[in-house]
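Structure file start29.pdb with PDB, C-alpha atoms:
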```pdb
ATOM      1  CA  MET A 828      -6.753  18.278  13.475
ATOM      2  CA  SER A 829      -9.237  15.477  14.141
ATOM      3  CA  PHE A 830      -9.023  12.238  12.173
ATOM      4  CA  ILE A 831     -12.251  13.003  10.319
ATOM      5  CA  GLU A 832     -10.815  16.375   9.237
ATOM      6  CA  SER A 833      -7.661  14.595   8.049
ATOM      7  CA  MET A 834      -9.807  12.285   5.930
ATOM      8  CA  LYS A 835     -11.785  15.199   4.522
ATOM      9  CA  ASN A 836      -8.555  16.904   3.509
ATOM     10  CA  ARG A 837      -6.752  13.881   2.034
ATOM     11  CA  TYR A 838      -6.980  13.296  -1.687
ATOM     12  CA  THR A 839      -5.265  11.369  -4.438
ATOM     13  CA  THR A 840      -2.333  13.548  -5.375
ATOM     14  CA  LYS A 841      -1.824  13.968  -9.114
ATOM     15  CA  LYS A 842       1.257  16.207  -9.140
ATOM     16  CA  TYR A 843       4.175  16.325  -6.708
ATOM     17  CA  ASP A 844       6.708  19.008  -5.879
ATOM     18  CA  ASN A 845       9.975  17.099  -6.205
ATOM     19  CA  SER A 846      11.891  19.803  -4.324
ATOM     20  CA  LYS A 847      10.082  18.993  -1.063
ATOM     21  CA  LYS A 848      11.157  16.020   1.034
ATOM     22  CA  ILE A 849       9.442  14.039   3.771
ATOM     23  CA  GLU A 850      11.188  14.175   7.126
ATOM     24  CA  LYS A 851      13.209  11.023   7.797
ATOM     25  CA  GLN A 852      11.447  10.532  11.142
ATOM     26  CA  LYS A 853       8.068  10.418   9.383
ATOM     27  CA  ILE A 854       9.335   7.799   6.932
ATOM     28  CA  GLU A 855      10.511   5.670   9.851
ATOM     29  CA  GLU A 856       7.125   6.086  11.540
ATOM     30  CA  LEU A 857       5.347   4.954   8.377
ATOM     31  CA  LYS A 858       7.520   1.835   8.264
ATOM     32  CA  GLU A 859       6.594   1.011  11.854
ATOM     33  CA  ILE A 860       2.910   1.697  11.172
ATOM     34  CA  LEU A 861       2.953  -0.774   8.274
ATOM     35  CA  CYS A 862       4.496  -3.395  10.544
ATOM     36  CA  LEU A 863       1.628  -2.812  12.987
ATOM     37  CA  SER A 864      -1.074  -3.296  10.343
ATOM     38  CA  PRO A 865      -3.738  -5.935  11.042
ATOM     39  CA  SER A 866      -4.048  -9.169   9.082
ATOM     40  CA  SER A 867      -6.121 -12.326   9.423
ATOM     41  CA  ILE A 868      -4.617 -14.608  12.104
ATOM     42  CA  ASN A 869      -1.720 -12.106  12.184
ATOM     43  CA  SER A 870      -0.530 -13.798   8.990
ATOM     44  CA  GLN A 871       1.439 -10.801   7.637
ATOM     45  CA  PRO A 872       1.960 -12.269   4.134
ATOM     46  CA  TRP A 873       3.622  -9.115   2.875
ATOM     47  CA  LYS A 874       6.646  -6.968   2.205
ATOM     48  CA  PHE A 875       6.808  -3.187   1.836
ATOM     49  CA  THR A 876       9.636  -1.664  -0.175
ATOM     50  CA  PHE A 877      10.435   2.029   0.304
ATOM     51  CA  VAL A 878      12.146   3.412  -2.788
ATOM     52  CA  SER A 879      13.694   6.879  -2.681
ATOM     53  CA  ASN A 880      16.714   6.167  -4.893
ATOM     54  CA  GLY A 881      16.355   8.349  -7.999
ATOM     55  CA  GLU A 882      17.634   5.751 -10.475
ATOM     56  CA  ILE A 883      15.302   3.039  -9.187
ATOM     57  CA  LYS A 884      12.362   5.464  -9.155
ATOM     58  CA  GLN A 885      13.147   6.292 -12.765
ATOM     59  CA  GLU A 886      13.059   2.597 -13.689
ATOM     60  CA  LEU A 887       9.782   2.114 -11.845
ATOM     61  CA  SER A 888       8.272   5.207 -13.432
ATOM     62  CA  GLU A 889       8.883   3.695 -16.872
ATOM     63  CA  VAL A 890       6.655   0.713 -15.981
ATOM     64  CA  SER A 891       3.936   2.710 -14.231
ATOM     65  CA  TRP A 892       1.716   3.595 -17.197
ATOM     66  CA  LEU A 893      -0.113   6.894 -16.547
ATOM     67  CA  ASN A 894       1.518   7.186 -13.118
ATOM     68  CA  ALA A 895       5.053   7.777 -14.432
ATOM     69  CA  ASN A 896       5.319  11.414 -13.315
ATOM     70  CA  LYS A 897       3.947  10.686  -9.860
ATOM     71  CA  VAL A 898       6.472   7.908  -9.315
ATOM     72  CA  PHE A 899       9.381   9.993 -10.550
ATOM     73  CA  ASP A 900       8.503  13.296  -8.813
ATOM     74  CA  CYS A 901       7.327  12.020  -5.419
ATOM     75  CA  ASP A 902       9.686  11.730  -2.463
ATOM     76  CA  THR A 903       9.287   7.974  -1.998
ATOM     77  CA  VAL A 904       7.454   5.122  -3.708
ATOM     78  CA  VAL A 905       6.225   2.387  -1.388
ATOM     79  CA  VAL A 906       5.690  -0.932  -3.158
ATOM     80  CA  PHE A 907       3.147  -3.250  -1.517
ATOM     81  CA  SER A 908       3.899  -6.909  -2.230
ATOM     82  CA  ARG A 909       2.404 -10.191  -1.110
ATOM     83  CA  ILE A 910       4.371 -13.304  -0.407
ATOM     84  CA  ASN A 911       4.433 -15.425  -3.549
ATOM     85  CA  SER A 912       5.768 -18.669  -2.107
ATOM     86  CA  ILE A 913       3.221 -20.709  -0.168
ATOM     87  CA  PRO A 914       5.903 -22.999   1.335
ATOM     88  CA  LEU A 915       7.825 -19.930   2.539
ATOM     89  CA  PHE A 916       4.629 -18.497   4.034
ATOM     90  CA  GLU A 917       3.902 -21.772   5.838
ATOM     91  CA  GLU A 918       7.432 -21.838   7.210
ATOM     92  CA  GLN A 919       6.979 -18.253   8.382
ATOM     93  CA  ILE A 920       3.751 -18.897  10.272
ATOM     94  CA  GLU A 921       5.046 -22.149  11.806
ATOM     95  CA  GLU A 922       7.931 -20.153  13.269
ATOM     96  CA  GLY A 923       6.031 -17.057  14.329
ATOM     97  CA  LEU A 924       2.380 -17.794  15.075
ATOM     98  CA  PRO A 925       0.657 -19.679  17.896
ATOM     99  CA  LYS A 926      -0.725 -23.157  17.232
ATOM    100  CA  GLY A 927      -4.336 -21.930  17.033
ATOM    101  CA  ALA A 928      -3.538 -19.536  14.195
ATOM    102  CA  VAL A 929      -1.549 -22.172  12.310
ATOM    103  CA  ASP A 930      -4.368 -24.680  12.767
ATOM    104  CA  TYR A 931      -6.858 -22.143  11.377
ATOM    105  CA  TYR A 932      -4.710 -21.747   8.277
ATOM    106  CA  LYS A 933      -4.354 -25.500   7.831
ATOM    107  CA  GLU A 934      -8.087 -26.129   8.220
ATOM    108  CA  PHE A 935      -9.623 -23.240   6.317
ATOM    109  CA  ILE A 936      -7.026 -21.731   3.955
ATOM    110  CA  LYS A 937      -4.566 -24.463   2.982
ATOM    111  CA  PRO A 938      -7.202 -26.772   1.367
ATOM    112  CA  GLN A 939      -8.048 -24.053  -1.169
ATOM    113  CA  THR A 940      -6.432 -23.679  -4.583
ATOM    114  CA  GLU A 941      -3.152 -21.805  -4.986
ATOM    115  CA  GLU A 942      -5.051 -18.970  -6.662
ATOM    116  CA  GLN A 943      -7.484 -18.713  -3.742
ATOM    117  CA  ILE A 944      -4.695 -18.796  -1.164
ATOM    118  CA  LYS A 945      -2.842 -15.996  -2.920
ATOM    119  CA  ALA A 946      -6.067 -13.990  -3.202
ATOM    120  CA  TRP A 947      -6.339 -14.340   0.600
ATOM    121  CA  PHE A 948      -2.770 -13.025   0.877
ATOM    122  CA  ASP A 949      -3.748 -10.090  -1.358
ATOM    123  CA  ARG A 950      -6.628  -9.127   0.908
ATOM    124  CA  GLN A 951      -4.291  -8.864   3.882
ATOM    125  CA  VAL A 952      -2.033  -6.491   1.943
ATOM    126  CA  TYR A 953      -5.032  -4.277   1.145
ATOM    127  CA  LEU A 954      -5.743  -4.001   4.881
ATOM    128  CA  ALA A 955      -2.231  -2.593   5.278
ATOM    129  CA  LEU A 956      -2.859  -0.205   2.376
ATOM    130  CA  GLY A 957      -5.875   1.273   4.173
ATOM    131  CA  VAL A 958      -3.877   1.748   7.355
ATOM    132  CA  PHE A 959      -1.046   3.356   5.396
ATOM    133  CA  LEU A 960      -3.246   5.860   3.550
ATOM    134  CA  SER A 961      -4.978   6.804   6.793
ATOM    135  CA  ALA A 962      -1.611   7.319   8.495
ATOM    136  CA  CYS A 963      -0.432   9.527   5.642
ATOM    137  CA  ALA A 964      -3.567  11.655   5.977
ATOM    138  CA  GLU A 965      -3.022  12.027   9.714
ATOM    139  CA  MET A 966       0.679  12.907   9.219
ATOM    140  CA  ASN A 967      -0.013  15.507   6.508
ATOM    141  CA  ILE A 968       1.769  13.463   3.845
ATOM    142  CA  ASP A 969       0.298  13.471   0.364
ATOM    143  CA  ALA A 970      -0.248  10.066  -1.217
ATOM    144  CA  THR A 971      -1.287   8.401  -4.452
ATOM    145  CA  PRO A 972      -2.339   4.724  -4.333
ATOM    146  CA  MET A 973      -1.619   3.091  -7.691
ATOM    147  CA  GLU A 974      -2.729  -0.215  -9.133
ATOM    148  CA  GLY A 975      -1.737   1.270 -12.484
ATOM    149  CA  ILE A 976       1.682  -0.340 -12.548
ATOM    150  CA  GLU A 977       3.193  -3.321 -14.339
ATOM    151  CA  PRO A 978       3.678  -5.715 -11.402
ATOM    152  CA  GLU A 979       5.961  -8.220 -13.128
ATOM    153  CA  LYS A 980       8.266  -5.432 -14.256
ATOM    154  CA  TYR A 981       8.233  -3.951 -10.751
ATOM    155  CA  ASN A 982       9.309  -7.366  -9.479
ATOM    156  CA  SER A 983      12.141  -7.389 -12.001
ATOM    157  CA  VAL A 984      13.352  -3.880 -11.102
ATOM    158  CA  LEU A 985      13.252  -4.741  -7.387
ATOM    159  CA  ASN A 986      14.716  -8.219  -7.948
ATOM    160  CA  GLN A 987      11.797  -9.814  -6.083
ATOM    161  CA  LYS A 988      11.511 -13.593  -6.285
ATOM    162  CA  ASP A 989       9.542 -14.732  -3.242
ATOM    163  CA  TYR A 990       7.212 -11.718  -3.290
ATOM    164  CA  ALA A 991       4.903 -10.247  -5.927
ATOM    165  CA  ALA A 992       4.090  -6.542  -6.263
ATOM    166  CA  LEU A 993       0.380  -5.718  -6.049
ATOM    167  CA  MET A 994       0.315  -1.935  -6.002
ATOM    168  CA  ALA A 995       2.429   1.073  -5.101
ATOM    169  CA  VAL A 996       1.855   4.316  -3.237
ATOM    170  CA  ALA A 997       3.654   7.509  -4.166
ATOM    171  CA  ILE A 998       4.160   9.769  -1.143
ATOM    172  CA  GLY A 999       5.515  13.286  -0.855
ATOM    173  CA  HIS A1000       4.257  16.849  -0.954
ATOM    174  CA  ARG A1001       1.803  18.137  -3.521
ATOM    175  CA  ASP A1002       2.667  20.678  -6.145
ATOM    176  CA  GLU A1003       0.778  23.884  -5.350
ATOM    177  CA  ASP A1004      -0.725  23.751  -8.838
ATOM    178  CA  ASP A1005      -2.084  20.199  -8.475
ATOM    179  CA  PHE A1006      -5.559  20.398 -10.008
ATOM    180  CA  ASN A1007      -6.939  17.589  -7.829
ATOM    181  CA  GLN A1008      -6.570  19.386  -4.481
ATOM    182  CA  PRO A1009      -9.878  19.586  -2.580
ATOM    183  CA  ASP A1010      -9.962  23.395  -2.812
ATOM    184  CA  LYS A1011      -9.629  23.165  -6.616
ATOM    185  CA  SER A1012     -11.614  19.981  -7.213
ATOM    186  CA  PRO A1013     -14.019  19.411  -4.283
ATOM    187  CA  LYS A1014     -14.186  15.857  -3.001
ATOM    188  CA  THR A1015     -17.334  13.949  -3.943
ATOM    189  CA  ARG A1016     -18.730  10.887  -2.218
ATOM    190  CA  ARG A1017     -22.052   9.094  -2.360
ATOM    191  CA  ASP A1018     -24.617  10.241   0.169
ATOM    192  CA  ILE A1019     -24.020   8.731   3.596
ATOM    193  CA  ASN A1020     -27.580   7.395   3.736
ATOM    194  CA  LYS A1021     -26.933   5.359   0.590
ATOM    195  CA  VAL A1022     -23.793   3.656   1.861
ATOM    196  CA  ILE A1023     -24.438   3.361   5.604
ATOM    197  CA  GLU A1024     -27.219   1.252   7.093
ATOM    198  CA  THR A1025     -27.977   1.317  10.798
ATOM    199  CA  ILE A1026     -29.961  -1.590  12.232
TER     200      ILE A1026
END
```

Structure rendered as structure tokens:
Amino acid sequence: MSFIESMKNRYTTKKYDNSKKIEKQKIEELKEILCLSPSSINSQPWKFTFVSNGEIKQELSEVSWLNANKVFDCDTVVVFSRINSIPLFEEQIEEGLPKGAVDYYKEFIKPQTEEQIKAWFDRQVYLALGVFLSACAEMNIDATPMEGIEPEKYNSVLNQKDYAALMAVAIGHRDEDDFNQPDKSPKTRRDINKVIETI
């Protein structure tokens, strides 16, 4: 299947079949794909937590608002978090990035407010989210991106101190009765001529 066909067939899964599991090899590939995601100056201000433990999924489902069933029934919940400690981030880039990248951060990012710096971190995590959802589509894994979670409570369940949850993605295999499947609820998008401009 071509990539464009994969994107046509992907959709936001609303109901999972909890009896179906994702192959371990595919989970490992997804982990590697996330590590290969792009970020500004290769900053990588993130952490990705793969949760398949039933008890932890149950706890997360209870702080996932309308997404509770998706979190509980899916195979794995992947929590996307950004680094929450600016000093830790600066230590990380000093150790791992070339001088030019560090100098860019010091000149253009560091002078901003803490809120602006963390918003910059957030944007890098969303780049990884796009890569992840595309990879799932290509690998025939159903996925549900979710901002509808309680981030602080996710942090508590996962015992995160230096990182802050932004969103989660439920992954697994759809229930055959899921009403949101493209053959039951055709995908709609704005006309290409209204969103694409060629100059």

Cys901 of chain A proximity check over A:Ser961, A:Asn880, A:Thr1025, A:Gln951, using only C-alpha atoms: winner is A:Asn880

Calculated over all atoms listed in the file, which of the candidates A:Lys1021, A:Arg1001, A:Arg1016, A:Lys874 has the smallest distance to Asp844 of chain A? A:Arg1001

Step by step, work through what the PyMOL selection byres ((chain A and resi 861) around 12) selects in the shown file, and finish by giving those residues as a PyMOL selection string. chain A and resi 854-860+862-866+871+873-877+905-907+951-963

Provide the atom CA of Tyr843 of chain A to atom CA of Glu979 of chain A distance in Å, to one decimal place.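 So the answer is 25.4 Å.
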
Of the residues A:His1000, A:Lys853, A:Lys988, A:Lys945, which is the one nearest to Lys841 of chain A, using only C-alpha atoms?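 The closest residue to Lys841 of chain A is A:His1000.
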
Measuring between only C-alpha atoms, which one of A:Thr840, A:Gln987, A:Gln885, A:Asn896 shows the shortest distance to Ser912 of chain A? A:Gln987

From the set A:Tyr931, A:Lys835, A:Asp1010, A:Ile910, which residue has the shortest atom-to-atom contact distance to Arg950 of chain A, counting only C-alpha atoms?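 With only C-alpha atoms as the atom set, the closest residue is A:Ile910.
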
So what do you get for atom CA of Ala970 of chain A versus atom CA of Ala997 of chain A, distance-wise? 5.5 Å

Would you mind listing what lies within 12 Å of Ile936 of chain A as a PyMOL selection string, with only C-alpha atoms counted and same-chain residues fewer than 4 positions away left out? chain A and resi 867-868+870+913+917+928-932+940-948

Please define a box with edges along x, y and z of the file around all atoms of segment 932-946 of chain A given in the file, extend it by 5 Å on each side, and return its centre and edge lengths in Å to one decimal, as AutoDock Vina command-line options.
```
--center_x -6.2 --center_y -20.4 --center_z 0.8 --size_x 16.8 --size_y 22.8 --size_z 24.9
```

Computed interatomic separation between atom CA of Asn845 of chain A and atom CA of Asp900 of chain A (Å):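 Straight-line distance from atom CA of Asn845 of chain A to atom CA of Asp900 of chain A works out to 4.8 Å.
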
Here's the selection I'm unsure about, the PyMOL selection byres ((chain A and resi 965) around 9); applied to the file above, which residues does it give, as number ranges by chain? A: 828-830, 832-834, 837, 960-964, 966-968

Got a sec: who's within 10 Å of Ser879 of chain A, counting only C-alpha atoms, leaving out chain neighbours fewer than 4 positions off, as an MDAnalysis selection string? chainID A and resid 883:884 898:899 901:905

Export C-alpha atoms of the chosen residues as a PDB file, keeping the file's coordinate frame?
```
ATOM      1  CA  ILE A 883      15.302   3.039  -9.187  1.00  0.00           C
ATOM      2  CA  LYS A 884      12.362   5.464  -9.155  1.00  0.00           C
ATOM      3  CA  VAL A 898       6.472   7.908  -9.315  1.00  0.00           C
ATOM      4  CA  PHE A 899       9.381   9.993 -10.550  1.00  0.00           C
ATOM      5  CA  CYS A 901       7.327  12.020  -5.419  1.00  0.00           C
ATOM      6  CA  ASP A 902       9.686  11.730  -2.463  1.00  0.00           C
ATOM      7  CA  THR A 903       9.287   7.974  -1.998  1.00  0.00           C
ATOM      8  CA  VAL A 904       7.454   5.122  -3.708  1.00  0.00           C
ATOM      9  CA  VAL A 905       6.225   2.387  -1.388  1.00  0.00           C
TER      10      VAL A 905
END
```

Would you please work out which residue, of A:Ile920, A:Val890, A:Val996, A:Ala991, is nearest to Val878 of chain A when using all atoms listed in the file?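 Under the stated criterion, the closest residue is A:Val996.
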
Go through the shown structure with the PyMOL selection byres ((chain A and resi 975) around 10) and write out the matching residues as a list in words.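 Evaluating the PyMOL selection byres ((chain A and resi 975) around 10) on these coordinates yields Val890, Ser891, Trp892, Leu893, Asn894, Ala895, Pro972, Met973, Glu974, Ile976, Glu977, Pro978, Leu993, Met994 and Ala995 of chain A.
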
Because the input lacks atoms here, generate all heavy atoms for segment 874-885 of chain A and report them as a PDB file, in the coordinates of the input.
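Writing the result to result29.pdb gives the following:
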```pdb
ATOM      1  N   LYS A 874       5.392  -7.717   2.124  1.00  0.00           N
ATOM      2  CA  LYS A 874       6.646  -6.968   2.205  1.00  0.00           C
ATOM      3  C   LYS A 874       6.367  -5.579   1.653  1.00  0.00           C
ATOM      4  O   LYS A 874       5.606  -5.425   0.699  1.00  0.00           O
ATOM      5  CB  LYS A 874       7.753  -7.641   1.399  1.00  0.00           C
ATOM      6  CG  LYS A 874       9.097  -6.923   1.522  1.00  0.00           C
ATOM      7  CD  LYS A 874      10.232  -7.694   0.847  1.00  0.00           C
ATOM      8  CE  LYS A 874      10.246  -7.448  -0.638  1.00  0.00           C
ATOM      9  NZ  LYS A 874      11.485  -7.937  -1.290  1.00  0.00           N
ATOM     10  N   PHE A 875       6.983  -4.569   2.260  1.00  0.00           N
ATOM     11  CA  PHE A 875       6.808  -3.187   1.836  1.00  0.00           C
ATOM     12  C   PHE A 875       8.177  -2.608   1.502  1.00  0.00           C
ATOM     13  O   PHE A 875       9.065  -2.595   2.351  1.00  0.00           O
ATOM     14  CB  PHE A 875       6.133  -2.366   2.948  1.00  0.00           C
ATOM     15  CG  PHE A 875       4.907  -3.026   3.512  1.00  0.00           C
ATOM     16  CD1 PHE A 875       4.935  -3.617   4.771  1.00  0.00           C
ATOM     17  CD2 PHE A 875       3.730  -3.086   2.783  1.00  0.00           C
ATOM     18  CE1 PHE A 875       3.807  -4.240   5.295  1.00  0.00           C
ATOM     19  CE2 PHE A 875       2.595  -3.702   3.290  1.00  0.00           C
ATOM     20  CZ  PHE A 875       2.635  -4.288   4.558  1.00  0.00           C
ATOM     21  N   THR A 876       8.341  -2.163   0.281  1.00  0.00           N
ATOM     22  CA  THR A 876       9.636  -1.664  -0.175  1.00  0.00           C
ATOM     23  C   THR A 876       9.566  -0.156  -0.367  1.00  0.00           C
ATOM     24  O   THR A 876       8.776   0.340  -1.182  1.00  0.00           O
ATOM     25  CB  THR A 876      10.034  -2.340  -1.500  1.00  0.00           C
ATOM     26  OG1 THR A 876       9.971  -3.757  -1.350  1.00  0.00           O
ATOM     27  CG2 THR A 876      11.442  -1.937  -1.909  1.00  0.00           C
ATOM     28  N   PHE A 877      10.376   0.574   0.386  1.00  0.00           N
ATOM     29  CA  PHE A 877      10.435   2.029   0.304  1.00  0.00           C
ATOM     30  C   PHE A 877      11.548   2.416  -0.662  1.00  0.00           C
ATOM     31  O   PHE A 877      12.716   2.111  -0.418  1.00  0.00           O
ATOM     32  CB  PHE A 877      10.709   2.636   1.686  1.00  0.00           C
ATOM     33  CG  PHE A 877       9.515   2.671   2.601  1.00  0.00           C
ATOM     34  CD1 PHE A 877       8.936   1.495   3.065  1.00  0.00           C
ATOM     35  CD2 PHE A 877       8.963   3.888   3.010  1.00  0.00           C
ATOM     36  CE1 PHE A 877       7.837   1.519   3.915  1.00  0.00           C
ATOM     37  CE2 PHE A 877       7.863   3.924   3.852  1.00  0.00           C
ATOM     38  CZ  PHE A 877       7.295   2.740   4.305  1.00  0.00           C
ATOM     39  N   VAL A 878      11.180   3.063  -1.744  1.00  0.00           N
ATOM     40  CA  VAL A 878      12.146   3.412  -2.788  1.00  0.00           C
ATOM     41  C   VAL A 878      12.266   4.929  -2.892  1.00  0.00           C
ATOM     42  O   VAL A 878      11.327   5.610  -3.303  1.00  0.00           O
ATOM     43  CB  VAL A 878      11.717   2.837  -4.161  1.00  0.00           C
ATOM     44  CG1 VAL A 878      12.762   3.178  -5.220  1.00  0.00           C
ATOM     45  CG2 VAL A 878      11.494   1.328  -4.075  1.00  0.00           C
ATOM     46  N   SER A 879      13.428   5.443  -2.524  1.00  0.00           N
ATOM     47  CA  SER A 879      13.694   6.879  -2.681  1.00  0.00           C
ATOM     48  C   SER A 879      14.879   7.118  -3.611  1.00  0.00           C
ATOM     49  O   SER A 879      15.123   8.268  -4.009  1.00  0.00           O
ATOM     50  CB  SER A 879      13.947   7.532  -1.318  1.00  0.00           C
ATOM     51  OG  SER A 879      15.016   6.882  -0.653  1.00  0.00           O
ATOM     52  N   ASN A 880      15.594   6.064  -3.967  1.00  0.00           N
ATOM     53  CA  ASN A 880      16.714   6.167  -4.893  1.00  0.00           C
ATOM     54  C   ASN A 880      16.228   6.651  -6.260  1.00  0.00           C
ATOM     55  O   ASN A 880      15.330   6.048  -6.857  1.00  0.00           O
ATOM     56  CB  ASN A 880      17.398   4.803  -5.018  1.00  0.00           C
ATOM     57  CG  ASN A 880      18.524   4.802  -6.027  1.00  0.00           C
ATOM     58  OD1 ASN A 880      18.291   4.723  -7.227  1.00  0.00           O
ATOM     59  ND2 ASN A 880      19.750   4.892  -5.541  1.00  0.00           N
ATOM     60  N   GLY A 881      16.818   7.735  -6.760  1.00  0.00           N
ATOM     61  CA  GLY A 881      16.355   8.349  -7.999  1.00  0.00           C
ATOM     62  C   GLY A 881      16.425   7.432  -9.202  1.00  0.00           C
ATOM     63  O   GLY A 881      15.513   7.425 -10.040  1.00  0.00           O
ATOM     64  N   GLU A 882      17.485   6.640  -9.320  1.00  0.00           N
ATOM     65  CA  GLU A 882      17.634   5.751 -10.475  1.00  0.00           C
ATOM     66  C   GLU A 882      16.576   4.651 -10.471  1.00  0.00           C
ATOM     67  O   GLU A 882      16.012   4.317 -11.511  1.00  0.00           O
ATOM     68  CB  GLU A 882      19.037   5.140 -10.497  1.00  0.00           C
ATOM     69  CG  GLU A 882      20.136   6.159 -10.777  1.00  0.00           C
ATOM     70  CD  GLU A 882      21.507   5.517 -10.798  1.00  0.00           C
ATOM     71  OE1 GLU A 882      21.593   4.263 -10.722  1.00  0.00           O
ATOM     72  OE2 GLU A 882      22.497   6.275 -10.881  1.00  0.00           O
ATOM     73  N   ILE A 883      16.304   4.103  -9.289  1.00  0.00           N
ATOM     74  CA  ILE A 883      15.302   3.039  -9.187  1.00  0.00           C
ATOM     75  C   ILE A 883      13.905   3.618  -9.425  1.00  0.00           C
ATOM     76  O   ILE A 883      13.068   3.007 -10.104  1.00  0.00           O
ATOM     77  CB  ILE A 883      15.367   2.321  -7.824  1.00  0.00           C
ATOM     78  CG1 ILE A 883      16.761   1.748  -7.576  1.00  0.00           C
ATOM     79  CG2 ILE A 883      14.317   1.202  -7.755  1.00  0.00           C
ATOM     80  CD1 ILE A 883      17.209   0.731  -8.609  1.00  0.00           C
ATOM     81  N   LYS A 884      13.659   4.816  -8.894  1.00  0.00           N
ATOM     82  CA  LYS A 884      12.362   5.464  -9.155  1.00  0.00           C
ATOM     83  C   LYS A 884      12.171   5.703 -10.648  1.00  0.00           C
ATOM     84  O   LYS A 884      11.074   5.536 -11.174  1.00  0.00           O
ATOM     85  CB  LYS A 884      12.249   6.780  -8.386  1.00  0.00           C
ATOM     86  CG  LYS A 884      11.925   6.634  -6.915  1.00  0.00           C
ATOM     87  CD  LYS A 884      11.283   7.884  -6.340  1.00  0.00           C
ATOM     88  CE  LYS A 884      12.156   9.098  -6.530  1.00  0.00           C
ATOM     89  NZ  LYS A 884      11.459  10.347  -6.167  1.00  0.00           N
ATOM     90  N   GLN A 885      13.232   6.082 -11.316  1.00  0.00           N
ATOM     91  CA  GLN A 885      13.147   6.292 -12.765  1.00  0.00           C
ATOM     92  C   GLN A 885      12.745   5.001 -13.473  1.00  0.00           C
ATOM     93  O   GLN A 885      11.871   4.980 -14.339  1.00  0.00           O
ATOM     94  CB  GLN A 885      14.485   6.790 -13.309  1.00  0.00           C
ATOM     95  CG  GLN A 885      14.555   6.909 -14.832  1.00  0.00           C
ATOM     96  CD  GLN A 885      13.638   7.978 -15.394  1.00  0.00           C
ATOM     97  OE1 GLN A 885      13.613   9.098 -14.893  1.00  0.00           O
ATOM     98  NE2 GLN A 885      12.882   7.641 -16.422  1.00  0.00           N
TER      99      GLN A 885
END
```
